[in-house]
Amino acid sequence: MEKILNDTYYFFDLENDEFEISGQIPKQDDVYEFAMEFGIAIDEKIFDLLYELLKTYNFEQAKDKIAEFFKKRYGKNIELNYSEEGQNFKLTKNKLEIPILSKNSGNLGQITITGEFTLNEVLGLLAFYDSFVSAIEGFILGQRLELLLRSALNTLFIALNKRTRLSEKELSTMEKIAVELAKYENIDQEFCLIALRTANVGLIGVRDELFEKIRLGVYNADEWNDYLRHVDHGYEILKELEVQKELIDVCLYHHEVIDGTGPKKLNPNEIPPLALIIGISESIVLLKWTEELLKNKYPEKYIDIALNILKHEEWELWKV
């Protein structure tokens, strides 16, 4: 049976469990009108997905939550993919191609869900469409803003690196130390690398002559304390950019050490592990601390992992 209702094409063969809905995305009233005309029940369990989406914080979590919802509520294994390209609208029993058309933000791309669906379930999804878009458009926009922010932070990192004059090998070694420690602490490695690029944005506020003394290791206690104020400069910058709290904490606490002598005098259990990871990576490569200087400042396991990396990199840093 076929029907066109307000530019939406409906085809369904209930006997053979075949259907297709395409053309214009129908309004909720049109979905109910179609269902009533042909005596088809709308499965409204999908409406409960809104509650689940409200408990998520980003688009990746939202995708996982949608897959989990279909598994728990419908016993279905689905695969969900998102693309910023495309505005296809076509729903069949094997594939749902759904454009994300926001009233506020316009076309936000397309979601494709593959699996096995009934017409009742698909009508429920269509009736739920506006709420679904409202729930996920913020996640999609947030993801786009995060990518822009990462690009901006990476550009700033490159500019700051020209100032620190670290070689490609030194940068690579710093990243290897951070990544290996992230693995040890079961921290996302990509996020760790973002933190590494974010932690020192405050160096932009350090005087050239002071930074040169720090880099060469010819500074006194007052100059060292003055240098450490870059963590507060960085905090102010990142706070205004509304960066994730975890990245702000790394910036603010990456010079904290477990003997409590850091700028904020934090105890070991108060220091985020990621801040310690970035801190030891920087202390080794940028500040050129020896093994002796690292003792009692960082966990022994961190030092062991870093030593092993330096051994393979053939560094001469560890002579006291």
# chains A, B, ... in the order shown; residues from 1 in each chain; ligands from 1
$ residues_around --residues "range 245-257 of chain A" --least-positions-apart "3" --cutoff "8 Å" --atoms "only C-alpha atoms" --output "PyMOL selection string"
chain A and resi 195+198-201+228+231-232+234-235+238-239+260-266+268+271-272+274-279+297-298
$ write_last_selection --atoms "N, CA, C and O atoms" --output "tab-separated table (two decimals), in the first residue's frame"
chain	number	residue	atom	x	y	z
A	195	ALA	N	45.85	17.36	26.57
A	195	ALA	CA	46.26	18.00	27.83
A	195	ALA	C	47.70	18.50	27.76
A	195	ALA	O	48.03	19.57	28.27
A	198	THR	N	47.75	21.67	26.06
A	198	THR	CA	46.97	22.70	26.73
A	198	THR	C	47.66	23.25	27.97
A	198	THR	O	47.50	24.42	28.32
A	199	ALA	N	48.43	22.40	28.64
A	199	ALA	CA	48.92	22.72	29.99
A	199	ALA	C	49.69	24.02	30.08
A	199	ALA	O	49.60	24.74	31.08
A	200	ASN	N	50.45	24.36	29.04
A	200	ASN	CA	51.35	25.51	29.15
A	200	ASN	C	50.90	26.76	28.39
A	200	ASN	O	51.72	27.60	28.05
A	201	VAL	N	49.58	26.87	28.15
A	201	VAL	CA	49.12	28.08	27.46
A	201	VAL	C	49.48	29.34	28.25
A	201	VAL	O	49.65	30.42	27.69
A	228	LEU	N	56.31	29.98	37.93
A	228	LEU	CA	55.19	29.09	38.22
A	228	LEU	C	53.84	29.78	38.14
A	228	LEU	O	52.80	29.12	38.05
A	231	VAL	N	50.80	28.94	35.57
A	231	VAL	CA	49.65	28.04	35.71
A	231	VAL	C	48.37	28.85	35.95
A	231	VAL	O	47.29	28.47	35.48
A	232	ASP	N	48.50	29.96	36.66
A	232	ASP	CA	47.33	30.82	36.89
A	232	ASP	C	46.96	31.60	35.63
A	232	ASP	O	45.78	31.82	35.35
A	234	GLY	N	47.39	30.50	32.63
A	234	GLY	CA	46.73	29.50	31.80
A	234	GLY	C	45.31	29.23	32.25
A	234	GLY	O	44.39	29.08	31.43
A	235	TYR	N	45.11	29.17	33.55
A	235	TYR	CA	43.77	28.95	34.10
A	235	TYR	C	42.81	30.03	33.63
A	235	TYR	O	41.68	29.73	33.22
A	238	LEU	N	42.01	29.49	29.83
A	238	LEU	CA	41.16	28.34	29.55
A	238	LEU	C	39.76	28.49	30.14
A	238	LEU	O	38.78	28.01	29.56
A	239	LYS	N	39.67	29.17	31.27
A	239	LYS	CA	38.36	29.41	31.88
A	239	LYS	C	37.48	30.23	30.96
A	239	LYS	O	36.28	29.96	30.80
A	260	GLY	N	54.44	17.72	48.18
A	260	GLY	CA	53.69	18.88	48.65
A	260	GLY	C	54.36	20.22	48.47
A	260	GLY	O	53.92	21.22	49.05
A	261	THR	N	55.44	20.29	47.66
A	261	THR	CA	56.16	21.55	47.49
A	261	THR	C	55.77	22.30	46.21
A	261	THR	O	56.43	23.24	45.83
A	262	GLY	N	54.70	21.86	45.55
A	262	GLY	CA	54.27	22.55	44.34
A	262	GLY	C	53.67	23.90	44.65
A	262	GLY	O	53.48	24.27	45.81
A	263	PRO	N	53.34	24.68	43.61
A	263	PRO	CA	52.84	26.05	43.83
A	263	PRO	C	51.54	26.11	44.62
A	263	PRO	O	51.30	27.07	45.35
A	264	LYS	N	50.70	25.08	44.52
A	264	LYS	CA	49.43	25.07	45.25
A	264	LYS	C	49.51	24.24	46.53
A	264	LYS	O	48.53	24.16	47.28
A	265	LYS	N	50.69	23.62	46.78
A	265	LYS	CA	50.94	22.83	48.00
A	265	LYS	C	49.92	21.71	48.18
A	265	LYS	O	49.50	21.40	49.29
A	266	LEU	N	49.54	21.07	47.08
A	266	LEU	CA	48.57	19.98	47.17
A	266	LEU	C	49.21	18.72	47.73
A	266	LEU	O	50.39	18.45	47.51
A	268	PRO	N	49.48	14.51	47.82
A	268	PRO	CA	49.50	13.56	46.70
A	268	PRO	C	48.12	13.14	46.22
A	268	PRO	O	47.87	13.05	45.03
A	271	ILE	N	46.21	15.63	43.79
A	271	ILE	CA	46.73	15.95	42.47
A	271	ILE	C	46.12	15.01	41.43
A	271	ILE	O	46.27	13.78	41.56
A	272	PRO	N	45.45	15.53	40.41
A	272	PRO	CA	44.92	14.64	39.37
A	272	PRO	C	46.05	13.87	38.70
A	272	PRO	O	47.09	14.44	38.37
A	274	LEU	N	46.47	12.90	35.73
A	274	LEU	CA	46.85	13.46	34.43
A	274	LEU	C	47.76	14.67	34.60
A	274	LEU	O	48.67	14.89	33.81
A	275	ALA	N	47.54	15.44	35.66
A	275	ALA	CA	48.41	16.59	35.93
A	275	ALA	C	49.82	16.12	36.28
A	275	ALA	O	50.82	16.72	35.85
A	276	LEU	N	49.92	15.03	37.06
A	276	LEU	CA	51.24	14.46	37.38
A	276	LEU	C	51.94	13.95	36.13
A	276	LEU	O	53.15	14.10	35.96
A	277	ILE	N	51.16	13.33	35.24
A	277	ILE	CA	51.72	12.79	34.00
A	277	ILE	C	52.31	13.90	33.14
A	277	ILE	O	53.44	13.79	32.65
A	278	ILE	N	51.53	14.96	32.95
A	278	ILE	CA	52.03	16.09	32.15
A	278	ILE	C	53.19	16.75	32.86
A	278	ILE	O	54.18	17.16	32.24
A	279	GLY	N	53.12	16.82	34.19
A	279	GLY	CA	54.19	17.45	34.96
A	279	GLY	C	55.52	16.75	34.82
A	279	GLY	O	56.55	17.39	34.57
A	297	LYS	N	59.44	13.49	44.08
A	297	LYS	CA	58.54	14.47	43.46
A	297	LYS	C	57.42	13.77	42.70
A	297	LYS	O	56.32	14.31	42.56
A	298	TYR	N	57.72	12.59	42.17
A	298	TYR	CA	56.77	11.83	41.37
A	298	TYR	C	56.76	10.38	41.83
A	298	TYR	O	57.76	9.90	42.39
$ residues_around --residues "range 83-90 of chain A" --least-positions-apart "4" --cutoff "8 Å" --atoms "only C-alpha atoms" --output "list in words"
Glu20, Ile21, Ser22, Gly23, Gln24, Ile25, Lys95, Leu96, Glu97, Ile98, Pro99, Ile100, Asn107, Leu108, Gly109, Gln110 and Ile111 of chain A
$ atom_distance --atom1 "CA of Pro299 in chain A" --atom2 "CA of Ser283 in chain A"
13.6 Å
$ residues_around --residues "Asp188 in chain A" --least-positions-apart "4" --cutoff "10 Å" --atoms "only C-alpha atoms" --output "ChimeraX atom specification"
/A:179,182-183,192-193,274
$ write_last_selection --atoms "all heavy atoms" --output "PDB file, in the first residue's frame"
ATOM      1  N   VAL A 179      52.106   9.405  27.014  1.00  0.00           N
ATOM      2  CA  VAL A 179      51.218   8.349  26.528  1.00  0.00           C
ATOM      3  C   VAL A 179      51.414   7.053  27.317  1.00  0.00           C
ATOM      4  O   VAL A 179      50.440   6.383  27.686  1.00  0.00           O
ATOM      5  CB  VAL A 179      51.438   8.107  25.021  1.00  0.00           C
ATOM      6  CG1 VAL A 179      50.798   6.791  24.583  1.00  0.00           C
ATOM      7  CG2 VAL A 179      50.859   9.257  24.206  1.00  0.00           C
ATOM      8  N   ALA A 182      49.840   7.462  30.591  1.00  0.00           N
ATOM      9  CA  ALA A 182      48.382   7.440  30.431  1.00  0.00           C
ATOM     10  C   ALA A 182      47.885   5.998  30.335  1.00  0.00           C
ATOM     11  O   ALA A 182      46.861   5.631  30.923  1.00  0.00           O
ATOM     12  CB  ALA A 182      47.968   8.238  29.197  1.00  0.00           C
ATOM     13  N   LYS A 183      48.628   5.161  29.595  1.00  0.00           N
ATOM     14  CA  LYS A 183      48.268   3.741  29.507  1.00  0.00           C
ATOM     15  C   LYS A 183      48.292   3.109  30.900  1.00  0.00           C
ATOM     16  O   LYS A 183      47.392   2.343  31.271  1.00  0.00           O
ATOM     17  CB  LYS A 183      49.244   2.992  28.595  1.00  0.00           C
ATOM     18  CG  LYS A 183      49.115   3.314  27.125  1.00  0.00           C
ATOM     19  CD  LYS A 183      50.153   2.514  26.334  1.00  0.00           C
ATOM     20  CE  LYS A 183      50.146   2.860  24.863  1.00  0.00           C
ATOM     21  NZ  LYS A 183      51.213   2.114  24.122  1.00  0.00           N
ATOM     22  N   CYS A 192      45.086  12.700  26.697  1.00  0.00           N
ATOM     23  CA  CYS A 192      46.361  13.017  27.341  1.00  0.00           C
ATOM     24  C   CYS A 192      47.199  13.938  26.459  1.00  0.00           C
ATOM     25  O   CYS A 192      47.800  14.905  26.942  1.00  0.00           O
ATOM     26  CB  CYS A 192      47.115  11.730  27.651  1.00  0.00           C
ATOM     27  SG  CYS A 192      48.737  11.987  28.391  1.00  0.00           S
ATOM     28  N   LEU A 193      47.233  13.664  25.158  1.00  0.00           N
ATOM     29  CA  LEU A 193      48.004  14.502  24.236  1.00  0.00           C
ATOM     30  C   LEU A 193      47.395  15.898  24.117  1.00  0.00           C
ATOM     31  O   LEU A 193      48.112  16.895  23.970  1.00  0.00           O
ATOM     32  CB  LEU A 193      48.090  13.837  22.868  1.00  0.00           C
ATOM     33  CG  LEU A 193      48.941  12.565  22.810  1.00  0.00           C
ATOM     34  CD1 LEU A 193      48.869  11.929  21.433  1.00  0.00           C
ATOM     35  CD2 LEU A 193      50.390  12.869  23.178  1.00  0.00           C
ATOM     36  N   LEU A 274      46.470  12.895  35.726  1.00  0.00           N
ATOM     37  CA  LEU A 274      46.852  13.457  34.430  1.00  0.00           C
ATOM     38  C   LEU A 274      47.758  14.669  34.605  1.00  0.00           C
ATOM     39  O   LEU A 274      48.672  14.891  33.805  1.00  0.00           O
ATOM     40  CB  LEU A 274      45.602  13.831  33.627  1.00  0.00           C
ATOM     41  CG  LEU A 274      45.842  14.270  32.179  1.00  0.00           C
ATOM     42  CD1 LEU A 274      46.666  13.251  31.406  1.00  0.00           C
ATOM     43  CD2 LEU A 274      44.512  14.527  31.477  1.00  0.00           C
TER      44      LEU A 274
END
$ closest_residue --among "A:Leu53, A:Lys65, A:Ala35, A:Thr112" --to "Glu79 in chain A" --atoms "only C-alpha atoms"
A:Thr112
$ residues_around --residues "Glu300 in chain A" --least-positions-apart "6" --cutoff "12 Å" --atoms "only C-alpha atoms" --output "list in words"
Leu181, Ile258, Ile280, Glu291, Glu292, Leu294, Ala306 and Leu307 of chain A
$ write_last_selection --atoms "all heavy atoms" --output "mmCIF file, in the first residue's frame"
data_model
loop_
_atom_site.group_PDB
_atom_site.id
_atom_site.type_symbol
_atom_site.label_atom_id
_atom_site.label_comp_id
_atom_site.auth_asym_id
_atom_site.auth_seq_id
_atom_site.Cartn_x
_atom_site.Cartn_y
_atom_site.Cartn_z
ATOM 1 N N LEU A 181 52.485 6.719 30.365
ATOM 2 C CA LEU A 181 51.933 6.907 31.709
ATOM 3 C C LEU A 181 50.410 6.918 31.669
ATOM 4 O O LEU A 181 49.756 6.449 32.600
ATOM 5 C CB LEU A 181 52.471 8.198 32.321
ATOM 6 C CG LEU A 181 53.957 8.167 32.709
ATOM 7 C CD1 LEU A 181 54.448 9.544 33.120
ATOM 8 C CD2 LEU A 181 54.189 7.166 33.834
ATOM 9 N N ILE A 258 54.395 15.255 44.560
ATOM 10 C CA ILE A 258 53.828 14.469 45.660
ATOM 11 C C ILE A 258 54.453 14.763 47.014
ATOM 12 O O ILE A 258 53.943 14.295 48.038
ATOM 13 C CB ILE A 258 53.917 12.959 45.353
ATOM 14 C CG1 ILE A 258 55.371 12.517 45.209
ATOM 15 C CG2 ILE A 258 53.110 12.623 44.108
ATOM 16 C CD1 ILE A 258 55.516 11.002 45.030
ATOM 17 N N ILE A 280 55.541 15.436 34.962
ATOM 18 C CA ILE A 280 56.816 14.723 34.865
ATOM 19 C C ILE A 280 57.345 14.754 33.435
ATOM 20 O O ILE A 280 58.564 14.865 33.216
ATOM 21 C CB ILE A 280 56.693 13.272 35.381
ATOM 22 C CG1 ILE A 280 58.090 12.649 35.521
ATOM 23 C CG2 ILE A 280 55.806 12.429 34.500
ATOM 24 C CD1 ILE A 280 58.096 11.288 36.198
ATOM 25 N N GLU A 291 67.364 12.384 37.322
ATOM 26 C CA GLU A 291 66.678 11.360 38.096
ATOM 27 C C GLU A 291 66.664 11.723 39.575
ATOM 28 O O GLU A 291 65.675 11.506 40.274
ATOM 29 C CB GLU A 291 67.362 10.009 37.885
ATOM 30 C CG GLU A 291 66.689 8.873 38.623
ATOM 31 C CD GLU A 291 67.371 7.545 38.383
ATOM 32 O OE1 GLU A 291 68.360 7.501 37.607
ATOM 33 O OE2 GLU A 291 66.917 6.552 38.969
ATOM 34 N N GLU A 292 67.748 12.297 40.034
ATOM 35 C CA GLU A 292 67.833 12.686 41.441
ATOM 36 C C GLU A 292 66.788 13.737 41.795
ATOM 37 O O GLU A 292 66.166 13.695 42.855
ATOM 38 C CB GLU A 292 69.241 13.211 41.752
ATOM 39 C CG GLU A 292 69.533 13.378 43.232
ATOM 40 C CD GLU A 292 69.502 12.066 43.995
ATOM 41 O OE1 GLU A 292 69.872 11.030 43.410
ATOM 42 O OE2 GLU A 292 69.099 12.086 45.173
ATOM 43 N N LEU A 294 63.935 14.165 40.341
ATOM 44 C CA LEU A 294 62.595 13.598 40.232
ATOM 45 C C LEU A 294 62.197 12.774 41.453
ATOM 46 O O LEU A 294 61.013 12.639 41.756
ATOM 47 C CB LEU A 294 62.489 12.723 38.986
ATOM 48 C CG LEU A 294 62.579 13.446 37.636
ATOM 49 C CD1 LEU A 294 62.709 12.428 36.513
ATOM 50 C CD2 LEU A 294 61.371 14.332 37.401
ATOM 51 N N ALA A 306 59.321 6.381 32.762
ATOM 52 C CA ALA A 306 60.024 7.426 32.023
ATOM 53 C C ALA A 306 61.471 7.030 31.745
ATOM 54 O O ALA A 306 61.987 7.243 30.642
ATOM 55 C CB ALA A 306 59.976 8.736 32.810
ATOM 56 N N LEU A 307 62.142 6.434 32.732
ATOM 57 C CA LEU A 307 63.524 5.987 32.560
ATOM 58 C C LEU A 307 63.652 4.976 31.424
ATOM 59 O O LEU A 307 64.597 5.030 30.630
ATOM 60 C CB LEU A 307 64.032 5.359 33.854
ATOM 61 C CG LEU A 307 64.576 6.300 34.924
ATOM 62 C CD1 LEU A 307 64.798 5.545 36.226
ATOM 63 C CD2 LEU A 307 65.881 6.914 34.458
#
$ residues_around --residues "Phe128 in chain A" --least-positions-apart "6" --cutoff "8 Å" --atoms "only C-alpha atoms" --output "list in words"
Gln28, Ile46 and Phe47 of chain A
$ write_last_selection --atoms "N, CA, C and O atoms" --output "mmCIF file, in the first residue's frame"
data_model
loop_
_atom_site.group_PDB
_atom_site.id
_atom_site.type_symbol
_atom_site.label_atom_id
_atom_site.label_comp_id
_atom_site.auth_asym_id
_atom_site.auth_seq_id
_atom_site.Cartn_x
_atom_site.Cartn_y
_atom_site.Cartn_z
ATOM 1 N N GLN A 28 4.802 15.627 13.499
ATOM 2 C CA GLN A 28 4.257 14.634 14.424
ATOM 3 C C GLN A 28 2.776 14.372 14.157
ATOM 4 O O GLN A 28 2.332 13.218 14.159
ATOM 5 N N ILE A 46 10.043 4.483 22.273
ATOM 6 C CA ILE A 46 11.195 5.274 21.847
ATOM 7 C C ILE A 46 11.246 6.622 22.552
ATOM 8 O O ILE A 46 12.313 7.209 22.709
ATOM 9 N N PHE A 47 10.081 7.100 23.038
ATOM 10 C CA PHE A 47 10.060 8.392 23.713
ATOM 11 C C PHE A 47 10.915 8.376 24.978
ATOM 12 O O PHE A 47 11.413 9.413 25.413
#
$ residues_around --residues "Glu68 in chain A" --least-positions-apart "5" --cutoff "10 Å" --atoms "only C-alpha atoms" --output "JSON, numbers by chain"
{"A": [49, 52, 62, 63, 73, 74, 75, 76, 77, 78]}
$ write_last_selection --atoms "N, CA, C and O atoms" --output "PDB file, in the first residue's frame"
ATOM      1  N   LEU A  49      13.762   7.321  25.232  1.00  0.00           N
ATOM      2  CA  LEU A  49      15.153   7.598  24.875  1.00  0.00           C
ATOM      3  C   LEU A  49      15.543   9.023  25.253  1.00  0.00           C
ATOM      4  O   LEU A  49      16.701   9.292  25.561  1.00  0.00           O
ATOM      5  N   GLU A  52      17.101   9.152  28.581  1.00  0.00           N
ATOM      6  CA  GLU A  52      18.458   8.612  28.567  1.00  0.00           C
ATOM      7  C   GLU A  52      19.446   9.614  27.974  1.00  0.00           C
ATOM      8  O   GLU A  52      20.565   9.772  28.466  1.00  0.00           O
ATOM      9  N   ALA A  62      26.188  10.005  23.694  1.00  0.00           N
ATOM     10  CA  ALA A  62      24.828   9.918  23.161  1.00  0.00           C
ATOM     11  C   ALA A  62      24.696   8.744  22.204  1.00  0.00           C
ATOM     12  O   ALA A  62      23.697   8.002  22.243  1.00  0.00           O
ATOM     13  N   LYS A  63      25.694   8.542  21.331  1.00  0.00           N
ATOM     14  CA  LYS A  63      25.650   7.419  20.392  1.00  0.00           C
ATOM     15  C   LYS A  63      25.634   6.090  21.146  1.00  0.00           C
ATOM     16  O   LYS A  63      24.887   5.174  20.791  1.00  0.00           O
ATOM     17  N   ARG A  73      15.772  -2.087  25.389  1.00  0.00           N
ATOM     18  CA  ARG A  73      14.326  -1.950  25.260  1.00  0.00           C
ATOM     19  C   ARG A  73      13.725  -2.762  24.123  1.00  0.00           C
ATOM     20  O   ARG A  73      12.563  -3.150  24.165  1.00  0.00           O
ATOM     21  N   TYR A  74      14.529  -2.996  23.073  1.00  0.00           N
ATOM     22  CA  TYR A  74      14.001  -3.696  21.907  1.00  0.00           C
ATOM     23  C   TYR A  74      14.723  -5.013  21.607  1.00  0.00           C
ATOM     24  O   TYR A  74      14.302  -5.754  20.714  1.00  0.00           O
ATOM     25  N   GLY A  75      15.807  -5.282  22.328  1.00  0.00           N
ATOM     26  CA  GLY A  75      16.573  -6.482  22.055  1.00  0.00           C
ATOM     27  C   GLY A  75      17.247  -6.460  20.698  1.00  0.00           C
ATOM     28  O   GLY A  75      17.465  -7.503  20.081  1.00  0.00           O
ATOM     29  N   LYS A  76      17.590  -5.261  20.220  1.00  0.00           N
ATOM     30  CA  LYS A  76      18.163  -5.106  18.886  1.00  0.00           C
ATOM     31  C   LYS A  76      19.607  -4.626  18.970  1.00  0.00           C
ATOM     32  O   LYS A  76      19.925  -3.729  19.758  1.00  0.00           O
ATOM     33  N   ASN A  77      20.435  -5.198  18.143  1.00  0.00           N
ATOM     34  CA  ASN A  77      21.792  -4.684  17.977  1.00  0.00           C
ATOM     35  C   ASN A  77      21.799  -3.737  16.782  1.00  0.00           C
ATOM     36  O   ASN A  77      21.447  -4.146  15.669  1.00  0.00           O
ATOM     37  N   ILE A  78      22.151  -2.499  17.025  1.00  0.00           N
ATOM     38  CA  ILE A  78      22.166  -1.523  15.947  1.00  0.00           C
ATOM     39  C   ILE A  78      23.567  -0.953  15.789  1.00  0.00           C
ATOM     40  O   ILE A  78      24.407  -1.046  16.689  1.00  0.00           O
TER      41      ILE A  78
END
$ residues_around --residues "Leu171 in chain A" --least-positions-apart "4" --cutoff "10 Å" --atoms "only C-alpha atoms" --output "number ranges by chain"
A: 161, 165-167, 175-176, 281-282, 285-286
$ select_by_dssp --residues "range 218-269 of chain A" --states "alpha helix (DSSP H)" --output "list in words"
Ala221, Asp222, Glu223, Trp224, Asn225, Asp226, Tyr227, Leu228, His230, Val231, Asp232, His233, Gly234, Tyr235, Glu236, Ile237, Leu238, Lys239, Glu240, Lys245, Glu246, Leu247, Ile248, Asp249, Val250, Cys251, Leu252 and Tyr253 of chain A
$ atom_distance --atom1 "CA of Leu50 in chain A" --atom2 "CA of Glu242 in chain A"
25.9 Å
$ atom_distance --atom1 "CA of Gly115 in chain A" --atom2 "CA of Lys71 in chain A"
10.8 Å
$ select_by_dssp --residues "range 90-260 of chain A" --states "strand (DSSP E or B)" --output "ChimeraX atom specification"
/A:90-92,95-102,106-114
$ write_last_selection --atoms "C-alpha atoms" --output "CSV table (one decimal), in the first residue's frame"
chain,number,residue,atom,x,y,z
A,90,LYS,CA,14.7,7.2,4.0
A,91,LEU,CA,13.5,4.7,6.5
A,92,THR,CA,13.3,1.0,5.7
A,95,LYS,CA,18.3,1.1,7.5
A,96,LEU,CA,17.2,4.5,8.9
A,97,GLU,CA,18.8,7.5,7.2
A,98,ILE,CA,17.8,10.5,9.3
A,99,PRO,CA,18.9,14.1,8.6
A,100,ILE,CA,19.4,16.3,11.7
A,101,LEU,CA,17.5,19.4,10.7
A,102,SER,CA,17.4,21.9,13.6
A,106,GLY,CA,19.9,24.4,10.3
A,107,ASN,CA,21.3,21.2,8.8
A,108,LEU,CA,23.6,19.4,11.2
A,109,GLY,CA,24.3,16.4,9.1
A,110,GLN,CA,22.9,12.9,9.0
A,111,ILE,CA,22.6,9.9,11.3
A,112,THR,CA,22.4,6.4,9.8
A,113,ILE,CA,21.2,3.5,11.9
A,114,THR,CA,21.4,0.0,10.6
$ decode --residues "range 287-304 of chain A" --atoms "N, CA, C and O atoms" --output "mmCIF file, in the first residue's frame"
data_model
loop_
_atom_site.group_PDB
_atom_site.id
_atom_site.type_symbol
_atom_site.label_atom_id
_atom_site.label_comp_id
_atom_site.auth_asym_id
_atom_site.auth_seq_id
_atom_site.Cartn_x
_atom_site.Cartn_y
_atom_site.Cartn_z
ATOM 1 N N LEU A 287 62.356 21.068 31.361
ATOM 2 C CA LEU A 287 63.150 21.588 32.478
ATOM 3 C C LEU A 287 64.424 20.793 32.712
ATOM 4 O O LEU A 287 65.280 21.214 33.488
ATOM 5 N N LYS A 288 64.542 19.633 32.047
ATOM 6 C CA LYS A 288 65.753 18.814 32.103
ATOM 7 C C LYS A 288 66.126 18.396 33.527
ATOM 8 O O LYS A 288 67.286 18.455 33.932
ATOM 9 N N TRP A 289 65.130 17.963 34.289
ATOM 10 C CA TRP A 289 65.391 17.453 35.627
ATOM 11 C C TRP A 289 66.106 16.109 35.533
ATOM 12 O O TRP A 289 65.813 15.279 34.686
ATOM 13 N N THR A 290 67.026 15.903 36.439
ATOM 14 C CA THR A 290 67.735 14.629 36.523
ATOM 15 C C THR A 290 66.919 13.626 37.320
ATOM 16 O O THR A 290 65.920 13.967 37.967
ATOM 17 N N GLU A 291 67.364 12.384 37.322
ATOM 18 C CA GLU A 291 66.678 11.360 38.096
ATOM 19 C C GLU A 291 66.664 11.723 39.575
ATOM 20 O O GLU A 291 65.675 11.506 40.274
ATOM 21 N N GLU A 292 67.748 12.297 40.034
ATOM 22 C CA GLU A 292 67.833 12.686 41.441
ATOM 23 C C GLU A 292 66.788 13.737 41.795
ATOM 24 O O GLU A 292 66.166 13.695 42.855
ATOM 25 N N LEU A 293 66.584 14.711 40.891
ATOM 26 C CA LEU A 293 65.591 15.758 41.146
ATOM 27 C C LEU A 293 64.167 15.201 41.136
ATOM 28 O O LEU A 293 63.285 15.720 41.832
ATOM 29 N N LEU A 294 63.935 14.165 40.341
ATOM 30 C CA LEU A 294 62.595 13.598 40.232
ATOM 31 C C LEU A 294 62.197 12.774 41.453
ATOM 32 O O LEU A 294 61.013 12.639 41.756
ATOM 33 N N LYS A 295 63.178 12.226 42.160
ATOM 34 C CA LYS A 295 62.888 11.376 43.318
ATOM 35 C C LYS A 295 62.084 12.154 44.357
ATOM 36 O O LYS A 295 62.391 13.306 44.661
ATOM 37 N N ASN A 296 61.083 11.475 44.881
ATOM 38 C CA ASN A 296 60.183 12.037 45.894
ATOM 39 C C ASN A 296 59.259 13.125 45.345
ATOM 40 O O ASN A 296 58.414 13.643 46.086
ATOM 41 N N LYS A 297 59.435 13.486 44.080
ATOM 42 C CA LYS A 297 58.539 14.469 43.459
ATOM 43 C C LYS A 297 57.420 13.772 42.695
ATOM 44 O O LYS A 297 56.317 14.308 42.559
ATOM 45 N N TYR A 298 57.724 12.590 42.168
ATOM 46 C CA TYR A 298 56.767 11.831 41.367
ATOM 47 C C TYR A 298 56.757 10.378 41.828
ATOM 48 O O TYR A 298 57.758 9.902 42.394
ATOM 49 N N PRO A 299 55.672 9.659 41.589
ATOM 50 C CA PRO A 299 55.625 8.242 41.994
ATOM 51 C C PRO A 299 56.762 7.450 41.361
ATOM 52 O O PRO A 299 57.157 7.702 40.219
ATOM 53 N N GLU A 300 57.286 6.495 42.092
ATOM 54 C CA GLU A 300 58.414 5.695 41.607
ATOM 55 C C GLU A 300 58.081 4.994 40.286
ATOM 56 O O GLU A 300 58.929 4.889 39.406
ATOM 57 N N LYS A 301 56.844 4.523 40.164
ATOM 58 C CA LYS A 301 56.457 3.829 38.932
ATOM 59 C C LYS A 301 56.520 4.776 37.736
ATOM 60 O O LYS A 301 56.936 4.381 36.638
ATOM 61 N N TYR A 302 56.111 6.030 37.921
ATOM 62 C CA TYR A 302 56.193 7.020 36.850
ATOM 63 C C TYR A 302 57.648 7.198 36.416
ATOM 64 O O TYR A 302 57.954 7.250 35.224
ATOM 65 N N ILE A 303 58.522 7.304 37.393
ATOM 66 C CA ILE A 303 59.945 7.513 37.092
ATOM 67 C C ILE A 303 60.511 6.299 36.356
ATOM 68 O O ILE A 303 61.259 6.443 35.390
ATOM 69 N N ASP A 304 60.129 5.107 36.795
ATOM 70 C CA ASP A 304 60.609 3.879 36.139
ATOM 71 C C ASP A 304 60.169 3.831 34.673
ATOM 72 O O ASP A 304 60.963 3.487 33.785
#
